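Since the structure comes first, as C-alpha cells, the remarks are kept for the end.
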Amino acid sequence: MAKILSLSQAVAENVRDGDTVAMEGFTHLIPYAAGHEVIRQGKKDLYLIRMTPDILYDQLIGVGAARGMKFSWGGNPGVGSLHRFRDAVENQWPRPLEIEEHSHAAMANAYEAGAANLPFAMLRGYIGADLPKVNPNIKSVTCPFTGEVLAAVPAIRPDVSIIHALRADRKGNVLLEGIVGVQKEAVLAAKRSIVTVEEIVDELKPSSPNSVVLPTWAVTAVAIVPGGAFPSYAQGYYKRSNAFYIAWDEIARDRDSFLAWIDQHVMKADPEDFAKYAGKTPAKSA
C-alpha cells in the first residue's frame, strides 16, 4: 500500500543513483517539484525516460544528473530548443548524454507493454522512417497468423516512475483527470513510484468521464505538494505559465545563467515554495 510521505522522504527512499527514471505528464501535470527534489538530493547517473522531455529534463540534464535519455520528442513547447539538452549532446557538457529516440506511438506502446509485464511492444509503425537505421532497439517481428511484418520495441520498465496528480485519499488511492498522457502506464510499469498531489482528501469522488484512479496497491509513495506541477498546469487548480516557458529559452542558453537559476530556484528552495502557484487551499495530510 502507498505510503504518504514528505517529498524529500519519498525521493530519498525510492530514487537511487543509476536508476532508470520516468517522469511523465503531457503538458498537464508535469512533476516539476519532484524533479527539483531529485536535483537537490544530488541523484546521479540517471537514465531518463519521457515521451516529451521539455524544461524539467533540460534542468536534470544541465546539472549533470543524467547519463542517458529515451524519448520521442525533445524541445521547449511552443518556443524552441532545449539548450542544456543540446549542449550535452553537441558538446558533452556537463557530461556526455546517451540518447535513444523513438516515435510517440512506440513509446506509448512500450509503456503499455511494461505495464502488462510483457518483454516488448509491437505496432504498425516506422514504415518508411529512418529511425530504425540509427536505433538498434527498433526491430521487426512477423505475425504468426497473418504474416504481417510489424515494428517491435523493448518494453519500458522503469526502476521508478514519478508523476503529479490532482488528489489522493488518505489510503493512497490517486486521482488523475484531464489530459493524462501515459502516467497510468508509467506507474504500473515501474518497480517503484512516487506521486505528488495537489491535495489529500477523505474521498476522491471522480467527477469527469476520463477520470483515472490509481489504486493504493499500485503506488509506492504519495507526497502532498500543492503547485507541484508548475509551470505546467493542473486542471481545476492553476493554468500553464506560458511566460515561464518563454523565459526559459533565455535562462538556459547560457551555462552561467542556467547554473545561477538552479542555485536560486532549486538548490536554495524547497517543495513548499511551489504552494504559491496552487489555485486552491490544500487539504492537509494526516
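Simple scheme: letters A, B, ... for chains in C-alpha cells order, numbers from 1 for residues in each chain, numbers from 1 for ligands in the order shown.
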List every residue of segment 1-217 of chain A that DSSP, applied to the backbone of this structure, assigns to strand (DSSP E), and report them as a VMD selection string.
chain A and resid 3 to 4 20 to 23 46 to 50 66 to 71 98 to 101 120 to 123 139 to 142 149 to 154 160 to 169 174 to 176 192 to 201 212 to 214
Segment 32-48 of chain A environment, 8 Å, only C-alpha atoms, sequence neighbours closer than 2 positions dropped, as a ChimeraX atom specification:
/A:7-8,11-12,15-23,30,50,56,60,63-70,162,196,225,228-231,266-267,270-271,274
With only C-alpha atoms as the counted atoms, please give the residues lying no more than 7 Å from His28 of chain A, apart from itself and same-chain residues fewer than 3 positions off, as number ranges by chain.
A: 25, 179, 232-234
If you take only C-alpha atoms and a cut-off of 10 Å, which residues of segment 114-201 of chain A touch segment 95-102 of chain A, and what are their nearest atom pairs and distances in Å to one decimal, in chain and number order, as a tab-separated table?
residue	atom	partner	partner_atom	distance
A:Tyr126	CA	A:His102	CA	9.2
A:Leu131	CA	A:His102	CA	7.2
A:Pro132	CA	A:His102	CA	8.9
A:Val134	CA	A:Glu101	CA	8.8
A:Asn135	CA	A:Glu100	CA	6.6
A:Pro136	CA	A:Glu100	CA	9.2
A:Asn137	CA	A:Glu100	CA	8.4
A:Ile138	CA	A:His102	CA	8.2
A:Val153	CA	A:His102	CA	9.0
Writing out the chosen residues with N, CA, C and O atoms as a PDB file, in the first residue's frame:
ATOM      1  N   TYR A 126       6.919   3.053 -38.038  1.00  0.00           N
ATOM      2  CA  TYR A 126       8.256   3.197 -38.602  1.00  0.00           C
ATOM      3  C   TYR A 126       8.336   2.842 -40.082  1.00  0.00           C
ATOM      4  O   TYR A 126       9.425   2.693 -40.626  1.00  0.00           O
ATOM      5  N   LEU A 131      14.455   6.272 -38.391  1.00  0.00           N
ATOM      6  CA  LEU A 131      14.886   5.974 -37.022  1.00  0.00           C
ATOM      7  C   LEU A 131      15.441   4.556 -36.850  1.00  0.00           C
ATOM      8  O   LEU A 131      16.417   4.365 -36.122  1.00  0.00           O
ATOM      9  N   PRO A 132      14.842   3.514 -37.494  1.00  0.00           N
ATOM     10  CA  PRO A 132      15.424   2.176 -37.321  1.00  0.00           C
ATOM     11  C   PRO A 132      16.877   2.073 -37.782  1.00  0.00           C
ATOM     12  O   PRO A 132      17.607   1.176 -37.335  1.00  0.00           O
ATOM     13  N   VAL A 134      19.217   4.187 -37.098  1.00  0.00           N
ATOM     14  CA  VAL A 134      20.115   4.728 -36.067  1.00  0.00           C
ATOM     15  C   VAL A 134      19.781   4.216 -34.671  1.00  0.00           C
ATOM     16  O   VAL A 134      20.503   4.499 -33.725  1.00  0.00           O
ATOM     17  N   ASN A 135      18.693   3.489 -34.523  1.00  0.00           N
ATOM     18  CA  ASN A 135      18.276   2.965 -33.217  1.00  0.00           C
ATOM     19  C   ASN A 135      18.177   1.446 -33.298  1.00  0.00           C
ATOM     20  O   ASN A 135      17.197   0.906 -33.825  1.00  0.00           O
ATOM     21  N   PRO A 136      19.165   0.719 -32.770  1.00  0.00           N
ATOM     22  CA  PRO A 136      19.147  -0.741 -32.848  1.00  0.00           C
ATOM     23  C   PRO A 136      18.053  -1.393 -32.022  1.00  0.00           C
ATOM     24  O   PRO A 136      17.817  -2.598 -32.150  1.00  0.00           O
ATOM     25  N   ASN A 137      17.380  -0.613 -31.167  1.00  0.00           N
ATOM     26  CA  ASN A 137      16.276  -1.172 -30.373  1.00  0.00           C
ATOM     27  C   ASN A 137      14.935  -1.114 -31.100  1.00  0.00           C
ATOM     28  O   ASN A 137      13.902  -1.423 -30.509  1.00  0.00           O
ATOM     29  N   ILE A 138      14.945  -0.711 -32.345  1.00  0.00           N
ATOM     30  CA  ILE A 138      13.749  -0.821 -33.178  1.00  0.00           C
ATOM     31  C   ILE A 138      13.954  -2.000 -34.105  1.00  0.00           C
ATOM     32  O   ILE A 138      14.840  -1.995 -34.954  1.00  0.00           O
ATOM     33  N   VAL A 153       9.583  -2.893 -30.234  1.00  0.00           N
ATOM     34  CA  VAL A 153      10.494  -2.134 -29.373  1.00  0.00           C
ATOM     35  C   VAL A 153      10.464  -2.749 -27.976  1.00  0.00           C
ATOM     36  O   VAL A 153       9.462  -3.348 -27.576  1.00  0.00           O
TER      37      VAL A 153
END
Selected residue of minimal separation from Gly75 of chain A among A:Ala269, A:Val182, A:Tyr245, A:Arg167, counting only C-alpha atoms
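Of all the options, A:Tyr245 lies closest to Gly75 of chain A.
With only C-alpha atoms taken into account, the protein and nucleic acid residues at most 7 Å from Asn109 of chain A (excluding it and anything under 4 positions from it in its own chain) are Ala105, Ala113 and Ala121 of chain A.
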Write the residues of the selection above to a file with all heavy atoms, as a PDB file, in the first residue's frame.
ATOM      1  N   ALA A 105       4.174   6.853 -30.838  1.00  0.00           N
ATOM      2  CA  ALA A 105       3.408   5.596 -30.821  1.00  0.00           C
ATOM      3  C   ALA A 105       4.222   4.465 -30.204  1.00  0.00           C
ATOM      4  O   ALA A 105       3.700   3.660 -29.424  1.00  0.00           O
ATOM      5  CB  ALA A 105       2.961   5.229 -32.235  1.00  0.00           C
ATOM      6  N   ALA A 113       3.280  -2.149 -22.776  1.00  0.00           N
ATOM      7  CA  ALA A 113       3.881  -3.473 -22.635  1.00  0.00           C
ATOM      8  C   ALA A 113       4.514  -3.635 -21.255  1.00  0.00           C
ATOM      9  O   ALA A 113       4.383  -4.693 -20.618  1.00  0.00           O
ATOM     10  CB  ALA A 113       4.931  -3.689 -23.727  1.00  0.00           C
ATOM     11  N   ALA A 121       6.917  -4.429 -27.126  1.00  0.00           N
ATOM     12  CA  ALA A 121       5.678  -3.936 -27.726  1.00  0.00           C
ATOM     13  C   ALA A 121       5.803  -4.051 -29.232  1.00  0.00           C
ATOM     14  O   ALA A 121       6.896  -3.928 -29.798  1.00  0.00           O
ATOM     15  CB  ALA A 121       5.445  -2.478 -27.342  1.00  0.00           C
TER      16      ALA A 121
END
May I have all residues of segment 46-239 of chain A that DSSP, computed from the backbone, assigns to helix (DSSP H, G or I), given as a ChimeraX atom specification?
/A:55-62,83-91,104-115,131-134,183-189,216-218
Residue nearest Lys139 of chain A among A:Ile156, A:Phe120, A:Leu214, A:Trp73 (counting only C-alpha atoms)
A:Phe120
Surrounding residues of Ser161 of chain A excluding itself and chain neighbours under 4 positions, 10 Å, only C-alpha atoms, as a PDB file with all heavy atoms, in the first residue's frame:
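Output file out.pdb follows:
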ATOM      1  N   ASN A  14      13.164   6.174  -2.738  1.00  0.00           N
ATOM      2  CA  ASN A  14      12.776   5.490  -3.968  1.00  0.00           C
ATOM      3  C   ASN A  14      13.596   5.814  -5.200  1.00  0.00           C
ATOM      4  O   ASN A  14      13.506   5.102  -6.198  1.00  0.00           O
ATOM      5  CB  ASN A  14      11.303   5.786  -4.261  1.00  0.00           C
ATOM      6  CG  ASN A  14      10.379   5.166  -3.244  1.00  0.00           C
ATOM      7  OD1 ASN A  14      10.213   3.953  -3.204  1.00  0.00           O
ATOM      8  ND2 ASN A  14       9.794   6.005  -2.397  1.00  0.00           N
ATOM      9  N   VAL A  15      14.393   6.882  -5.182  1.00  0.00           N
ATOM     10  CA  VAL A  15      15.241   7.209  -6.328  1.00  0.00           C
ATOM     11  C   VAL A  15      16.687   6.950  -5.940  1.00  0.00           C
ATOM     12  O   VAL A  15      17.194   7.533  -4.977  1.00  0.00           O
ATOM     13  CB  VAL A  15      15.059   8.673  -6.771  1.00  0.00           C
ATOM     14  CG1 VAL A  15      15.938   8.954  -7.997  1.00  0.00           C
ATOM     15  CG2 VAL A  15      13.598   8.971  -7.088  1.00  0.00           C
ATOM     16  N   THR A  20      16.862   3.912 -13.695  1.00  0.00           N
ATOM     17  CA  THR A  20      16.084   4.337 -14.852  1.00  0.00           C
ATOM     18  C   THR A  20      14.835   5.014 -14.308  1.00  0.00           C
ATOM     19  O   THR A  20      14.074   4.414 -13.546  1.00  0.00           O
ATOM     20  CB  THR A  20      15.697   3.127 -15.721  1.00  0.00           C
ATOM     21  OG1 THR A  20      16.889   2.533 -16.242  1.00  0.00           O
ATOM     22  CG2 THR A  20      14.805   3.551 -16.870  1.00  0.00           C
ATOM     23  N   VAL A  21      14.641   6.290 -14.675  1.00  0.00           N
ATOM     24  CA  VAL A  21      13.595   7.112 -14.065  1.00  0.00           C
ATOM     25  C   VAL A  21      12.694   7.699 -15.147  1.00  0.00           C
ATOM     26  O   VAL A  21      13.178   8.332 -16.091  1.00  0.00           O
ATOM     27  CB  VAL A  21      14.205   8.266 -13.242  1.00  0.00           C
ATOM     28  CG1 VAL A  21      13.110   9.108 -12.602  1.00  0.00           C
ATOM     29  CG2 VAL A  21      15.152   7.723 -12.175  1.00  0.00           C
ATOM     30  N   ALA A  22      11.393   7.488 -15.004  1.00  0.00           N
ATOM     31  CA  ALA A  22      10.407   8.099 -15.896  1.00  0.00           C
ATOM     32  C   ALA A  22       9.657   9.173 -15.128  1.00  0.00           C
ATOM     33  O   ALA A  22       9.160   8.920 -14.030  1.00  0.00           O
ATOM     34  CB  ALA A  22       9.433   7.049 -16.420  1.00  0.00           C
ATOM     35  N   MET A  23       9.591  10.384 -15.696  1.00  0.00           N
ATOM     36  CA  MET A  23       8.770  11.465 -15.140  1.00  0.00           C
ATOM     37  C   MET A  23       7.806  11.881 -16.240  1.00  0.00           C
ATOM     38  O   MET A  23       8.207  12.539 -17.197  1.00  0.00           O
ATOM     39  CB  MET A  23       9.629  12.645 -14.688  1.00  0.00           C
ATOM     40  CG  MET A  23      10.632  12.313 -13.605  1.00  0.00           C
ATOM     41  SD  MET A  23      11.509  13.794 -13.034  1.00  0.00           S
ATOM     42  CE  MET A  23      12.882  13.035 -12.149  1.00  0.00           C
ATOM     43  N   GLU A  24       6.551  11.456 -16.121  1.00  0.00           N
ATOM     44  CA  GLU A  24       5.608  11.671 -17.215  1.00  0.00           C
ATOM     45  C   GLU A  24       4.561  12.723 -16.879  1.00  0.00           C
ATOM     46  O   GLU A  24       4.360  13.078 -15.719  1.00  0.00           O
ATOM     47  CB  GLU A  24       4.948  10.353 -17.617  1.00  0.00           C
ATOM     48  CG  GLU A  24       5.859   9.420 -18.416  1.00  0.00           C
ATOM     49  CD  GLU A  24       6.233   9.977 -19.790  1.00  0.00           C
ATOM     50  OE1 GLU A  24       5.637  10.967 -20.238  1.00  0.00           O
ATOM     51  OE2 GLU A  24       7.143   9.400 -20.413  1.00  0.00           O
ATOM     52  N   LEU A  48      17.080   8.711 -17.995  1.00  0.00           N
ATOM     53  CA  LEU A  48      15.776   9.356 -18.005  1.00  0.00           C
ATOM     54  C   LEU A  48      14.913   8.832 -19.149  1.00  0.00           C
ATOM     55  O   LEU A  48      15.404   8.626 -20.265  1.00  0.00           O
ATOM     56  CB  LEU A  48      15.938  10.868 -18.150  1.00  0.00           C
ATOM     57  CG  LEU A  48      16.771  11.576 -17.080  1.00  0.00           C
ATOM     58  CD1 LEU A  48      16.907  13.050 -17.425  1.00  0.00           C
ATOM     59  CD2 LEU A  48      16.154  11.392 -15.699  1.00  0.00           C
ATOM     60  N   ILE A  49      13.623   8.667 -18.862  1.00  0.00           N
ATOM     61  CA  ILE A  49      12.652   8.278 -19.882  1.00  0.00           C
ATOM     62  C   ILE A  49      11.505   9.275 -19.837  1.00  0.00           C
ATOM     63  O   ILE A  49      11.005   9.609 -18.762  1.00  0.00           O
ATOM     64  CB  ILE A  49      12.106   6.854 -19.643  1.00  0.00           C
ATOM     65  CG1 ILE A  49      13.244   5.830 -19.622  1.00  0.00           C
ATOM     66  CG2 ILE A  49      11.084   6.480 -20.708  1.00  0.00           C
ATOM     67  CD1 ILE A  49      12.790   4.425 -19.292  1.00  0.00           C
ATOM     68  N   ARG A  50      11.113   9.754 -20.989  1.00  0.00           N
ATOM     69  CA  ARG A  50       9.965  10.656 -21.072  1.00  0.00           C
ATOM     70  C   ARG A  50       9.559  10.800 -22.532  1.00  0.00           C
ATOM     71  O   ARG A  50      10.405  11.002 -23.397  1.00  0.00           O
ATOM     72  CB  ARG A  50      10.299  12.017 -20.466  1.00  0.00           C
ATOM     73  CG  ARG A  50       9.159  13.015 -20.495  1.00  0.00           C
ATOM     74  CD  ARG A  50       9.439  14.182 -19.538  1.00  0.00           C
ATOM     75  NE  ARG A  50       8.648  15.346 -19.836  1.00  0.00           N
ATOM     76  CZ  ARG A  50       7.349  15.477 -19.555  1.00  0.00           C
ATOM     77  NH1 ARG A  50       6.715  14.502 -18.947  1.00  0.00           N
ATOM     78  NH2 ARG A  50       6.688  16.569 -19.882  1.00  0.00           N
ATOM     79  N   ARG A 157      10.316  -0.474 -18.580  1.00  0.00           N
ATOM     80  CA  ARG A 157      10.118  -0.918 -17.198  1.00  0.00           C
ATOM     81  C   ARG A 157      11.017  -0.081 -16.290  1.00  0.00           C
ATOM     82  O   ARG A 157      12.109  -0.498 -15.922  1.00  0.00           O
ATOM     83  CB  ARG A 157      10.457  -2.414 -17.047  1.00  0.00           C
ATOM     84  CG  ARG A 157       9.612  -3.364 -17.866  1.00  0.00           C
ATOM     85  CD  ARG A 157       8.144  -3.300 -17.515  1.00  0.00           C
ATOM     86  NE  ARG A 157       7.878  -3.524 -16.112  1.00  0.00           N
ATOM     87  CZ  ARG A 157       7.680  -4.739 -15.562  1.00  0.00           C
ATOM     88  NH1 ARG A 157       7.732  -5.820 -16.299  1.00  0.00           N
ATOM     89  NH2 ARG A 157       7.413  -4.847 -14.279  1.00  0.00           N
ATOM     90  N   GLN A 183       0.695   8.583 -17.785  1.00  0.00           N
ATOM     91  CA  GLN A 183       1.027   8.497 -16.364  1.00  0.00           C
ATOM     92  C   GLN A 183       0.622   7.168 -15.749  1.00  0.00           C
ATOM     93  O   GLN A 183       1.372   6.562 -14.977  1.00  0.00           O
ATOM     94  CB  GLN A 183       0.367   9.645 -15.582  1.00  0.00           C
ATOM     95  CG  GLN A 183       0.999  11.001 -15.821  1.00  0.00           C
ATOM     96  CD  GLN A 183       0.184  11.837 -16.780  1.00  0.00           C
ATOM     97  OE1 GLN A 183      -0.199  11.354 -17.844  1.00  0.00           O
ATOM     98  NE2 GLN A 183      -0.077  13.078 -16.428  1.00  0.00           N
ATOM     99  N   LYS A 184      -0.581   6.719 -16.064  1.00  0.00           N
ATOM    100  CA  LYS A 184      -1.058   5.445 -15.504  1.00  0.00           C
ATOM    101  C   LYS A 184      -0.119   4.309 -15.891  1.00  0.00           C
ATOM    102  O   LYS A 184       0.321   3.517 -15.040  1.00  0.00           O
ATOM    103  CB  LYS A 184      -2.465   5.153 -16.020  1.00  0.00           C
ATOM    104  CG  LYS A 184      -3.018   3.783 -15.618  1.00  0.00           C
ATOM    105  CD  LYS A 184      -4.350   3.501 -16.282  1.00  0.00           C
ATOM    106  CE  LYS A 184      -4.196   3.263 -17.769  1.00  0.00           C
ATOM    107  NZ  LYS A 184      -5.459   2.860 -18.431  1.00  0.00           N
ATOM    108  N   GLU A 185       0.201   4.215 -17.173  1.00  0.00           N
ATOM    109  CA  GLU A 185       1.056   3.129 -17.650  1.00  0.00           C
ATOM    110  C   GLU A 185       2.458   3.226 -17.058  1.00  0.00           C
ATOM    111  O   GLU A 185       3.073   2.207 -16.726  1.00  0.00           O
ATOM    112  CB  GLU A 185       1.123   3.154 -19.182  1.00  0.00           C
ATOM    113  CG  GLU A 185      -0.173   2.778 -19.870  1.00  0.00           C
ATOM    114  CD  GLU A 185      -1.202   3.906 -19.930  1.00  0.00           C
ATOM    115  OE1 GLU A 185      -0.861   5.051 -19.525  1.00  0.00           O
ATOM    116  OE2 GLU A 185      -2.333   3.651 -20.367  1.00  0.00           O
ATOM    117  N   ALA A 186       2.974   4.453 -16.925  1.00  0.00           N
ATOM    118  CA  ALA A 186       4.311   4.619 -16.359  1.00  0.00           C
ATOM    119  C   ALA A 186       4.380   4.104 -14.932  1.00  0.00           C
ATOM    120  O   ALA A 186       5.351   3.451 -14.530  1.00  0.00           O
ATOM    121  CB  ALA A 186       4.722   6.094 -16.413  1.00  0.00           C
ATOM    122  N   VAL A 187       3.349   4.379 -14.142  1.00  0.00           N
ATOM    123  CA  VAL A 187       3.313   3.892 -12.758  1.00  0.00           C
ATOM    124  C   VAL A 187       3.184   2.377 -12.717  1.00  0.00           C
ATOM    125  O   VAL A 187       3.904   1.690 -11.982  1.00  0.00           O
ATOM    126  CB  VAL A 187       2.176   4.572 -11.980  1.00  0.00           C
ATOM    127  CG1 VAL A 187       1.929   3.864 -10.638  1.00  0.00           C
ATOM    128  CG2 VAL A 187       2.489   6.041 -11.742  1.00  0.00           C
ATOM    129  N   LEU A 188       2.281   1.832 -13.518  1.00  0.00           N
ATOM    130  CA  LEU A 188       2.064   0.385 -13.500  1.00  0.00           C
ATOM    131  C   LEU A 188       3.261  -0.394 -14.034  1.00  0.00           C
ATOM    132  O   LEU A 188       3.467  -1.553 -13.669  1.00  0.00           O
ATOM    133  CB  LEU A 188       0.812   0.038 -14.305  1.00  0.00           C
ATOM    134  CG  LEU A 188      -0.516   0.563 -13.749  1.00  0.00           C
ATOM    135  CD1 LEU A 188      -1.661   0.211 -14.687  1.00  0.00           C
ATOM    136  CD2 LEU A 188      -0.780   0.016 -12.351  1.00  0.00           C
ATOM    137  N   ALA A 189       4.071   0.244 -14.888  1.00  0.00           N
ATOM    138  CA  ALA A 189       5.233  -0.434 -15.461  1.00  0.00           C
ATOM    139  C   ALA A 189       6.444  -0.412 -14.542  1.00  0.00           C
ATOM    140  O   ALA A 189       7.387  -1.170 -14.748  1.00  0.00           O
ATOM    141  CB  ALA A 189       5.602   0.209 -16.793  1.00  0.00           C
ATOM    142  N   ALA A 190       6.431   0.459 -13.526  1.00  0.00           N
ATOM    143  CA  ALA A 190       7.625   0.707 -12.723  1.00  0.00           C
ATOM    144  C   ALA A 190       7.731  -0.222 -11.516  1.00  0.00           C
ATOM    145  O   ALA A 190       6.733  -0.706 -10.986  1.00  0.00           O
ATOM    146  CB  ALA A 190       7.633   2.154 -12.244  1.00  0.00           C
ATOM    147  N   LYS A 191       8.964  -0.420 -11.072  1.00  0.00           N
ATOM    148  CA  LYS A 191       9.195  -1.170  -9.833  1.00  0.00           C
ATOM    149  C   LYS A 191       8.737  -0.360  -8.617  1.00  0.00           C
ATOM    150  O   LYS A 191       8.226  -0.916  -7.647  1.00  0.00           O
ATOM    151  CB  LYS A 191      10.681  -1.491  -9.683  1.00  0.00           C
ATOM    152  CG  LYS A 191      11.241  -2.393 -10.767  1.00  0.00           C
ATOM    153  CD  LYS A 191      12.747  -2.544 -10.615  1.00  0.00           C
ATOM    154  CE  LYS A 191      13.338  -3.343 -11.764  1.00  0.00           C
ATOM    155  NZ  LYS A 191      14.828  -3.388 -11.698  1.00  0.00           N
ATOM    156  N   ARG A 192       8.969   0.965  -8.672  1.00  0.00           N
ATOM    157  CA  ARG A 192       8.583   1.862  -7.586  1.00  0.00           C
ATOM    158  C   ARG A 192       7.976   3.114  -8.205  1.00  0.00           C
ATOM    159  O   ARG A 192       8.252   3.431  -9.363  1.00  0.00           O
ATOM    160  CB  ARG A 192       9.804   2.252  -6.740  1.00  0.00           C
ATOM    161  CG  ARG A 192      10.552   1.075  -6.158  1.00  0.00           C
ATOM    162  CD  ARG A 192      11.776   1.515  -5.348  1.00  0.00           C
ATOM    163  NE  ARG A 192      12.764   2.251  -6.120  1.00  0.00           N
ATOM    164  CZ  ARG A 192      13.686   1.678  -6.892  1.00  0.00           C
ATOM    165  NH1 ARG A 192      13.724   0.360  -7.017  1.00  0.00           N
ATOM    166  NH2 ARG A 192      14.568   2.425  -7.556  1.00  0.00           N
ATOM    167  N   SER A 193       7.177   3.835  -7.439  1.00  0.00           N
ATOM    168  CA  SER A 193       6.571   5.049  -7.980  1.00  0.00           C
ATOM    169  C   SER A 193       6.372   6.090  -6.896  1.00  0.00           C
ATOM    170  O   SER A 193       6.152   5.768  -5.727  1.00  0.00           O
ATOM    171  CB  SER A 193       5.226   4.733  -8.651  1.00  0.00           C
ATOM    172  OG  SER A 193       4.338   4.131  -7.728  1.00  0.00           O
ATOM    173  N   ILE A 194       6.468   7.351  -7.318  1.00  0.00           N
ATOM    174  CA  ILE A 194       6.200   8.498  -6.451  1.00  0.00           C
ATOM    175  C   ILE A 194       5.132   9.336  -7.139  1.00  0.00           C
ATOM    176  O   ILE A 194       5.268   9.670  -8.318  1.00  0.00           O
ATOM    177  CB  ILE A 194       7.457   9.356  -6.232  1.00  0.00           C
ATOM    178  CG1 ILE A 194       8.576   8.546  -5.568  1.00  0.00           C
ATOM    179  CG2 ILE A 194       7.133  10.604  -5.400  1.00  0.00           C
ATOM    180  CD1 ILE A 194       9.921   9.261  -5.564  1.00  0.00           C
ATOM    181  N   VAL A 195       4.087   9.685  -6.404  1.00  0.00           N
ATOM    182  CA  VAL A 195       3.038  10.547  -6.940  1.00  0.00           C
ATOM    183  C   VAL A 195       2.914  11.767  -6.042  1.00  0.00           C
ATOM    184  O   VAL A 195       2.608  11.637  -4.847  1.00  0.00           O
ATOM    185  CB  VAL A 195       1.682   9.821  -7.019  1.00  0.00           C
ATOM    186  CG1 VAL A 195       0.635  10.746  -7.641  1.00  0.00           C
ATOM    187  CG2 VAL A 195       1.793   8.528  -7.828  1.00  0.00           C
ATOM    188  N   VAL A 219       0.858   2.052  -6.101  1.00  0.00           N
ATOM    189  CA  VAL A 219       1.669   3.248  -5.861  1.00  0.00           C
ATOM    190  C   VAL A 219       2.575   3.017  -4.659  1.00  0.00           C
ATOM    191  O   VAL A 219       2.142   2.453  -3.650  1.00  0.00           O
ATOM    192  CB  VAL A 219       0.758   4.471  -5.610  1.00  0.00           C
ATOM    193  CG1 VAL A 219       1.587   5.711  -5.276  1.00  0.00           C
ATOM    194  CG2 VAL A 219      -0.139   4.733  -6.821  1.00  0.00           C
ATOM    195  N   THR A 220       3.822   3.450  -4.741  1.00  0.00           N
ATOM    196  CA  THR A 220       4.751   3.273  -3.626  1.00  0.00           C
ATOM    197  C   THR A 220       4.645   4.400  -2.611  1.00  0.00           C
ATOM    198  O   THR A 220       4.566   4.162  -1.406  1.00  0.00           O
ATOM    199  CB  THR A 220       6.200   3.178  -4.140  1.00  0.00           C
ATOM    200  OG1 THR A 220       6.287   2.186  -5.167  1.00  0.00           O
ATOM    201  CG2 THR A 220       7.149   2.816  -3.002  1.00  0.00           C
TER     202      THR A 220
END
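Compared by their closest atoms to Gln235 of chain A, and using only C-alpha atoms, the residues A:Leu29, A:Met1, A:Ile61, A:Leu82 rank with A:Leu29 nearest.
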Hey, what's within 12 Å of Ile251 of chain A if we count only C-alpha atoms and toss same-chain stuff fewer than 5 positions away? As a tab-separated table (two decimals) with N, CA and C atoms, in the first residue's frame, please?
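Written file, result.tsv:
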chain	number	residue	atom	x	y	z
A	55	ILE	N	11.27	21.33	-20.31
A	55	ILE	CA	12.10	22.11	-19.40
A	55	ILE	C	12.61	21.28	-18.21
A	58	ASP	N	15.50	19.31	-19.27
A	58	ASP	CA	16.59	20.23	-19.57
A	58	ASP	C	17.34	20.57	-18.28
A	59	GLN	N	16.60	20.74	-17.19
A	59	GLN	CA	17.20	21.05	-15.90
A	59	GLN	C	18.01	19.87	-15.36
A	62	GLY	N	21.08	19.47	-17.47
A	62	GLY	CA	22.01	20.57	-17.27
A	62	GLY	C	22.82	20.50	-16.00
A	82	LEU	N	15.81	22.89	-26.48
A	82	LEU	CA	16.27	22.74	-25.10
A	82	LEU	C	17.78	22.93	-25.12
A	83	HIS	N	18.25	24.04	-24.61
A	83	HIS	CA	19.66	24.39	-24.78
A	83	HIS	C	20.60	23.54	-23.93
A	84	ARG	N	20.15	23.13	-22.76
A	84	ARG	CA	21.00	22.26	-21.93
A	84	ARG	C	21.08	20.85	-22.54
A	244	PHE	N	6.73	31.56	-18.41
A	244	PHE	CA	7.94	30.90	-17.92
A	244	PHE	C	8.61	30.11	-19.03
A	245	TYR	N	7.83	29.43	-19.86
A	245	TYR	CA	8.42	28.66	-20.95
A	245	TYR	C	9.18	29.58	-21.90
A	246	ILE	N	8.64	30.77	-22.14
A	246	ILE	CA	9.34	31.74	-22.97
A	246	ILE	C	10.61	32.22	-22.29
A	256	ASP	N	26.21	29.80	-17.43
A	256	ASP	CA	26.27	30.50	-16.15
A	256	ASP	C	24.89	30.95	-15.69
A	257	SER	N	24.07	31.48	-16.60
A	257	SER	CA	22.73	31.91	-16.19
A	257	SER	C	21.87	30.71	-15.80
A	258	PHE	N	22.09	29.59	-16.46
A	258	PHE	CA	21.38	28.37	-16.08
A	258	PHE	C	21.76	27.94	-14.67
A	259	LEU	N	23.06	27.87	-14.39
A	259	LEU	CA	23.52	27.43	-13.08
A	259	LEU	C	23.08	28.39	-11.98
A	260	ALA	N	23.06	29.67	-12.28
A	260	ALA	CA	22.59	30.65	-11.29
A	260	ALA	C	21.11	30.45	-10.99
A	261	TRP	N	20.31	30.14	-12.02
A	261	TRP	CA	18.88	29.89	-11.82
A	261	TRP	C	18.68	28.64	-10.97
A	262	ILE	N	19.41	27.59	-11.26
A	262	ILE	CA	19.31	26.35	-10.48
A	262	ILE	C	19.67	26.60	-9.03
Between atom CA of Gly80 of chain A and atom CA of Val160 of chain A, measure the distance and give it in Å to one decimal.
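Between atom CA of Gly80 of chain A and atom CA of Val160 of chain A the gap is 28.9 Å.
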Distance of atom CA of Ala275 of chain A from atom CA of Ala223 of chain A, expressed in Å to one decimal place:
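If I compute the distance from atom CA of Ala223 of chain A to atom CA of Ala275 of chain A, I get 13.2 Å.
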Atomic separation - atom CA of Pro53 of chain A relative to atom CA of Leu150 of chain A, Å:
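Pair atom CA of Leu150 of chain A / atom CA of Pro53 of chain A returns 26.6 Å.
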